[in-house]
Amino acid sequence: MKEKKTEFKIFTISQYEKEAAYLRRMRQSGWKITAIRFPGFYTFEACEPEDVVYQLDYNRDSAANKEEYVQMFADCGWNYLFDFVDYSYFCKPAAAFQGAEEKSIFCDDASRLDMMKRIALGRLLPLFVIFTAIILPQFWMHFYTLDTHPVMGIMYIALFVLYCVIFLVYGIHYYTFKKKIGK
Amino acid sequence: MDAHIKKVYVPMTETGFYILLCLRQPGHGYGIVQQVRKMTNEELVLAPGTMYGSLSKMEKDGLIRCIAEEEKRKIYQITDLGTEVLELELKRIERLYQNAREALS
């Protein structure tokens with residue numbers, strides 16, 4: 001019976017590369033990821049330490065053609081692991097890459113930017129809708145009753161700040177990358 | 001041609017160019033990866049995340065179409081619009097190359 005362990009980690013929507021690096025490090029230490037449970041429980045199984053590259057892809061279009069999607073990755077040597085909150089997880093041994101091949105599921109920055117756009121559309125847009133439809137009006141309403149009803153007011157201020165931070169951080173991540181690749 | 005198509009695809013990425021070039025004959029994603037490796041002497045290795053995204057995008061924009069499915073692989077082929085775009089891009093590259101060669105000679 002292989003030893004198992006679970007770690008709790010939170011990766012935000014702009015930290016998929018960080019998450020991929022984490023999974024690679026764990027594999028190099030002799031722990032391979034077997035499952036991820038919401039909101040961030042990473043379950044590992046003991047294994048031989050190996051340098052395996054992990055990658056995340058966000059592509060909701062793939063859901064309609066999952067078999068073809070997975071097959072394309074398999075053809076290129078990437079093993080499909082599972083999906084977690086719309087991200088598809090793949091891995092490929094570092095030794096399997098040849099010569100000039102980048103250790104990534106992307107071979108150009110334009111497609112990396114495309115993924116960021118998909119994430120913005122799929123994740124940020126719903127948040128933005130909630131923000132404008134609920135948070136903003138509620139924040140405004142409760143702002144005026146802060147002295148008499150502080151709890152609700154403070155809660156909405158906190159949510160307001162949280163959402164602004166989420167948009168800002170992702171916006172910075174997106175635009176710095178866009179600038180970096182000269183688009 | 002749609003102004004939007006021109007804006008997105010001219011100039012296009014190397015990946016996009018090779019996809020259109022290869023799909024003048026019917027083929028699937030991995031077939032394109034293999035062809036391009038051969039054509040570029042192993043210098044250009046296309047990756048699945050990029051391939052899948054580009055193929056979906058091009059299909060949506062009407063530059064390629066899915067003509068069949070074989071063993072869990074979609075077979076695509078270039079459309080007339082795709083051929084038009086490829087021609088435009090080829091002209092652009094030729095012009096670039098001519099000017100560069102002249103300037104550097």
# chains A, B, ... in the order shown; residues from 1 in each chain; ligands from 1
call {"tool": "interface_residues", "arguments": {"of": "chain A", "to": "chain B", "cutoff": "12 Å", "atoms": "only C-alpha atoms", "output": "count of residues only"}}
result
51
call {"tool": "atom_distance", "arguments": {"atom1": "atom CA of A:Asp51", "atom2": "atom CA of A:Ser29"}}
result
9.0 Å
call {"tool": "select_by_dssp", "arguments": {"residues": "stretch 32-118 of chain A", "states": "alpha helix (DSSP H)", "output": "list in words"}}
result
Lys66, Glu67, Glu68, Tyr69, Val70, Gln71, Met72, Phe73, Ala74, Asp75, Asp109, Ala110, Ser111, Arg112, Leu113, Asp114, Met115, Met116, Lys117 and Arg118 of chain A
call {"tool": "write_last_selection", "arguments": {"atoms": "N, CA, C and O atoms", "output": "PDB file, in the first residue's frame"}}
result
ATOM      1  N   LYS A  66     -13.755  16.274 -25.466  1.00  0.00           N
ATOM      2  CA  LYS A  66     -12.729  15.857 -24.525  1.00  0.00           C
ATOM      3  C   LYS A  66     -11.804  14.772 -25.086  1.00  0.00           C
ATOM      4  O   LYS A  66     -10.592  14.830 -24.920  1.00  0.00           O
ATOM      5  N   GLU A  67     -12.365  13.781 -25.760  1.00  0.00           N
ATOM      6  CA  GLU A  67     -11.536  12.676 -26.259  1.00  0.00           C
ATOM      7  C   GLU A  67     -10.486  13.150 -27.248  1.00  0.00           C
ATOM      8  O   GLU A  67      -9.332  12.734 -27.164  1.00  0.00           O
ATOM      9  N   GLU A  68     -10.898  14.040 -28.193  1.00  0.00           N
ATOM     10  CA  GLU A  68      -9.952  14.540 -29.188  1.00  0.00           C
ATOM     11  C   GLU A  68      -8.897  15.414 -28.521  1.00  0.00           C
ATOM     12  O   GLU A  68      -7.721  15.398 -28.882  1.00  0.00           O
ATOM     13  N   TYR A  69      -9.356  16.200 -27.535  1.00  0.00           N
ATOM     14  CA  TYR A  69      -8.466  17.086 -26.799  1.00  0.00           C
ATOM     15  C   TYR A  69      -7.372  16.276 -26.096  1.00  0.00           C
ATOM     16  O   TYR A  69      -6.178  16.532 -26.280  1.00  0.00           O
ATOM     17  N   VAL A  70      -7.799  15.270 -25.335  1.00  0.00           N
ATOM     18  CA  VAL A  70      -6.846  14.440 -24.603  1.00  0.00           C
ATOM     19  C   VAL A  70      -5.933  13.680 -25.579  1.00  0.00           C
ATOM     20  O   VAL A  70      -4.734  13.526 -25.331  1.00  0.00           O
ATOM     21  N   GLN A  71      -6.506  13.233 -26.695  1.00  0.00           N
ATOM     22  CA  GLN A  71      -5.729  12.485 -27.689  1.00  0.00           C
ATOM     23  C   GLN A  71      -4.600  13.331 -28.269  1.00  0.00           C
ATOM     24  O   GLN A  71      -3.478  12.846 -28.444  1.00  0.00           O
ATOM     25  N   MET A  72      -4.893  14.617 -28.550  1.00  0.00           N
ATOM     26  CA  MET A  72      -3.850  15.489 -29.105  1.00  0.00           C
ATOM     27  C   MET A  72      -2.688  15.617 -28.133  1.00  0.00           C
ATOM     28  O   MET A  72      -1.525  15.576 -28.530  1.00  0.00           O
ATOM     29  N   PHE A  73      -3.017  15.779 -26.858  1.00  0.00           N
ATOM     30  CA  PHE A  73      -1.958  15.887 -25.859  1.00  0.00           C
ATOM     31  C   PHE A  73      -1.203  14.561 -25.737  1.00  0.00           C
ATOM     32  O   PHE A  73       0.023  14.541 -25.629  1.00  0.00           O
ATOM     33  N   ALA A  74      -1.938  13.469 -25.770  1.00  0.00           N
ATOM     34  CA  ALA A  74      -1.310  12.148 -25.667  1.00  0.00           C
ATOM     35  C   ALA A  74      -0.354  11.920 -26.840  1.00  0.00           C
ATOM     36  O   ALA A  74       0.756  11.424 -26.664  1.00  0.00           O
ATOM     37  N   ASP A  75      -0.781  12.312 -28.052  1.00  0.00           N
ATOM     38  CA  ASP A  75       0.067  12.175 -29.235  1.00  0.00           C
ATOM     39  C   ASP A  75       1.395  12.893 -29.035  1.00  0.00           C
ATOM     40  O   ASP A  75       2.432  12.452 -29.522  1.00  0.00           O
ATOM     41  N   ASP A 109       4.062  32.561 -27.290  1.00  0.00           N
ATOM     42  CA  ASP A 109       3.459  33.431 -26.280  1.00  0.00           C
ATOM     43  C   ASP A 109       2.052  33.878 -26.644  1.00  0.00           C
ATOM     44  O   ASP A 109       1.248  34.165 -25.760  1.00  0.00           O
ATOM     45  N   ALA A 110       1.762  33.939 -27.933  1.00  0.00           N
ATOM     46  CA  ALA A 110       0.415  34.357 -28.352  1.00  0.00           C
ATOM     47  C   ALA A 110      -0.626  33.386 -27.795  1.00  0.00           C
ATOM     48  O   ALA A 110      -1.691  33.797 -27.334  1.00  0.00           O
ATOM     49  N   SER A 111      -0.300  32.084 -27.805  1.00  0.00           N
ATOM     50  CA  SER A 111      -1.269  31.116 -27.284  1.00  0.00           C
ATOM     51  C   SER A 111      -1.323  31.159 -25.764  1.00  0.00           C
ATOM     52  O   SER A 111      -2.354  30.857 -25.163  1.00  0.00           O
ATOM     53  N   ARG A 112      -0.203  31.562 -25.126  1.00  0.00           N
ATOM     54  CA  ARG A 112      -0.244  31.732 -23.672  1.00  0.00           C
ATOM     55  C   ARG A 112      -1.172  32.889 -23.330  1.00  0.00           C
ATOM     56  O   ARG A 112      -1.960  32.816 -22.389  1.00  0.00           O
ATOM     57  N   LEU A 113      -1.077  33.955 -24.120  1.00  0.00           N
ATOM     58  CA  LEU A 113      -1.950  35.102 -23.894  1.00  0.00           C
ATOM     59  C   LEU A 113      -3.403  34.717 -24.151  1.00  0.00           C
ATOM     60  O   LEU A 113      -4.304  35.140 -23.437  1.00  0.00           O
ATOM     61  N   ASP A 114      -3.627  33.886 -25.174  1.00  0.00           N
ATOM     62  CA  ASP A 114      -4.983  33.408 -25.459  1.00  0.00           C
ATOM     63  C   ASP A 114      -5.562  32.685 -24.257  1.00  0.00           C
ATOM     64  O   ASP A 114      -6.736  32.825 -23.946  1.00  0.00           O
ATOM     65  N   MET A 115      -4.734  31.895 -23.572  1.00  0.00           N
ATOM     66  CA  MET A 115      -5.231  31.186 -22.398  1.00  0.00           C
ATOM     67  C   MET A 115      -5.614  32.188 -21.309  1.00  0.00           C
ATOM     68  O   MET A 115      -6.644  32.039 -20.650  1.00  0.00           O
ATOM     69  N   MET A 116      -4.800  33.225 -21.142  1.00  0.00           N
ATOM     70  CA  MET A 116      -5.129  34.244 -20.139  1.00  0.00           C
ATOM     71  C   MET A 116      -6.453  34.912 -20.477  1.00  0.00           C
ATOM     72  O   MET A 116      -7.232  35.252 -19.582  1.00  0.00           O
ATOM     73  N   LYS A 117      -6.713  35.088 -21.772  1.00  0.00           N
ATOM     74  CA  LYS A 117      -7.986  35.689 -22.191  1.00  0.00           C
ATOM     75  C   LYS A 117      -9.141  34.754 -21.842  1.00  0.00           C
ATOM     76  O   LYS A 117     -10.183  35.202 -21.373  1.00  0.00           O
ATOM     77  N   ARG A 118      -8.923  33.454 -22.071  1.00  0.00           N
ATOM     78  CA  ARG A 118      -9.978  32.473 -21.764  1.00  0.00           C
ATOM     79  C   ARG A 118     -10.263  32.474 -20.267  1.00  0.00           C
ATOM     80  O   ARG A 118     -11.414  32.377 -19.832  1.00  0.00           O
TER      81      ARG A 118
END
call {"tool": "atom_distance", "arguments": {"atom1": "atom CA of A:Val169", "atom2": "atom CA of A:Met141"}}
result
26.4 Å
call {"tool": "closest_residue", "arguments": {"among": "B:Glu102, B:Ala3, B:Arg24, B:Asp61", "to": "B:Glu87", "atoms": "only C-alpha atoms"}}
result
B:Arg24
call {"tool": "closest_residue", "arguments": {"among": "A:Ile181, A:Met26, A:Ile33, A:Leu136", "to": "A:Cys164", "atoms": "only C-alpha atoms"}}
result
A:Leu136
call {"tool": "select_by_dssp", "arguments": {"residues": "stretch 8-68 of chain B", "states": "strand (DSSP E or B)", "output": "CSV table (one decimal) with C-alpha atoms, in the first residue's frame"}}
result
chain,number,residue,atom,x,y,z
B,27,GLY,CA,-4.7,16.3,-41.7
B,64,ILE,CA,-10.2,25.7,-41.7
B,65,ARG,CA,-13.0,23.1,-41.4
B,66,CYS,CA,-13.3,19.7,-39.9
B,67,ILE,CA,-13.9,17.2,-42.6
B,68,ALA,CA,-13.8,13.9,-40.7
call {"tool": "residues_around", "arguments": {"residues": "A:Gln28", "least_positions_apart": "4", "cutoff": "12 Å", "atoms": "only C-alpha atoms", "output": "ChimeraX atom specification"}}
result
/A:21-24,32-33,46-54,93-94
call {"tool": "closest_residue", "arguments": {"among": "A:Ile157, A:Arg27, A:Tyr87, A:Gly122", "to": "A:Phe139", "atoms": "only C-alpha atoms"}}
result
A:Ile157
call {"tool": "residues_around", "arguments": {"residues": "A:Phe84", "least_positions_apart": "5", "cutoff": "9 Å", "atoms": "only C-alpha atoms", "output": "list of chain:residue names"}}
result
A:Ala35, A:Ile36, A:Arg37, A:Phe38, A:Tyr89
call {"tool": "residues_around", "arguments": {"residues": "A:Lys9", "least_positions_apart": "2", "cutoff": "9 Å", "atoms": "only C-alpha atoms", "output": "list in words"}}
result
Glu7, Phe11, Pro39, Gly40, Phe41 and Tyr42 of chain A
call {"tool": "residues_around", "arguments": {"residues": "stretch 130-132 of chain A", "least_positions_apart": "5", "cutoff": "12 Å", "atoms": "only C-alpha atoms", "output": "PyMOL selection string"}}
result
chain A and resi 123-125+137-140+156-157+159-164+166-167
call {"tool": "write_last_selection", "arguments": {"atoms": "N, CA, C and O atoms", "output": "compact mmCIF listing (two decimals), in the first residue's frame"}}
result
# COMPACT_ATOMS: atom_id res chain seq x y z
N ARG A 123 -13.52 33.12 -15.80
CA ARG A 123 -13.48 33.26 -14.35
C ARG A 123 -13.75 34.67 -13.86
O ARG A 123 -14.46 34.87 -12.89
N LEU A 124 -13.12 35.62 -14.54
CA LEU A 124 -13.28 37.00 -14.06
C LEU A 124 -14.64 37.58 -14.41
O LEU A 124 -15.22 38.32 -13.63
N LEU A 125 -15.12 37.24 -15.60
CA LEU A 125 -16.39 37.81 -16.05
C LEU A 125 -17.54 37.51 -15.09
O LEU A 125 -18.26 38.43 -14.69
N PRO A 137 -23.74 47.63 -5.39
CA PRO A 137 -24.94 48.25 -4.82
C PRO A 137 -25.04 48.05 -3.31
O PRO A 137 -25.37 48.96 -2.58
N GLN A 138 -24.75 46.82 -2.83
CA GLN A 138 -24.84 46.53 -1.40
C GLN A 138 -23.84 47.36 -0.61
O GLN A 138 -24.14 47.88 0.46
N PHE A 139 -22.62 47.46 -1.18
CA PHE A 139 -21.57 48.25 -0.55
C PHE A 139 -22.04 49.69 -0.40
O PHE A 139 -21.90 50.30 0.66
N TRP A 140 -22.63 50.21 -1.44
CA TRP A 140 -23.12 51.58 -1.45
C TRP A 140 -24.21 51.77 -0.40
O TRP A 140 -24.20 52.73 0.37
N TYR A 156 -19.32 44.05 3.50
CA TYR A 156 -19.34 44.46 2.09
C TYR A 156 -18.13 45.27 1.71
O TYR A 156 -17.68 45.20 0.56
N ILE A 157 -17.59 46.04 2.65
CA ILE A 157 -16.34 46.74 2.36
C ILE A 157 -15.25 45.71 2.08
O ILE A 157 -14.49 45.83 1.11
N LEU A 159 -15.58 42.61 1.04
CA LEU A 159 -15.83 41.95 -0.25
C LEU A 159 -15.44 42.87 -1.40
O LEU A 159 -14.84 42.44 -2.38
N PHE A 160 -15.81 44.13 -1.26
CA PHE A 160 -15.48 45.13 -2.28
C PHE A 160 -13.98 45.18 -2.51
O PHE A 160 -13.51 45.11 -3.64
N VAL A 161 -13.23 45.27 -1.42
CA VAL A 161 -11.78 45.33 -1.52
C VAL A 161 -11.24 44.04 -2.12
O VAL A 161 -10.39 44.07 -3.01
N LEU A 162 -11.78 42.90 -1.66
CA LEU A 162 -11.31 41.61 -2.16
C LEU A 162 -11.48 41.50 -3.68
O LEU A 162 -10.57 41.12 -4.40
N TYR A 163 -12.68 41.85 -4.16
CA TYR A 163 -12.93 41.78 -5.60
C TYR A 163 -12.01 42.72 -6.36
O TYR A 163 -11.47 42.36 -7.40
N CYS A 164 -11.83 43.94 -5.84
CA CYS A 164 -10.96 44.89 -6.52
C CYS A 164 -9.54 44.34 -6.61
O CYS A 164 -8.89 44.46 -7.64
N ILE A 166 -8.67 41.13 -6.63
CA ILE A 166 -8.66 40.03 -7.60
C ILE A 166 -8.55 40.59 -9.02
O ILE A 166 -7.72 40.13 -9.81
N PHE A 167 -9.38 41.59 -9.35
CA PHE A 167 -9.35 42.15 -10.70
C PHE A 167 -8.01 42.80 -10.98
O PHE A 167 -7.45 42.65 -12.05
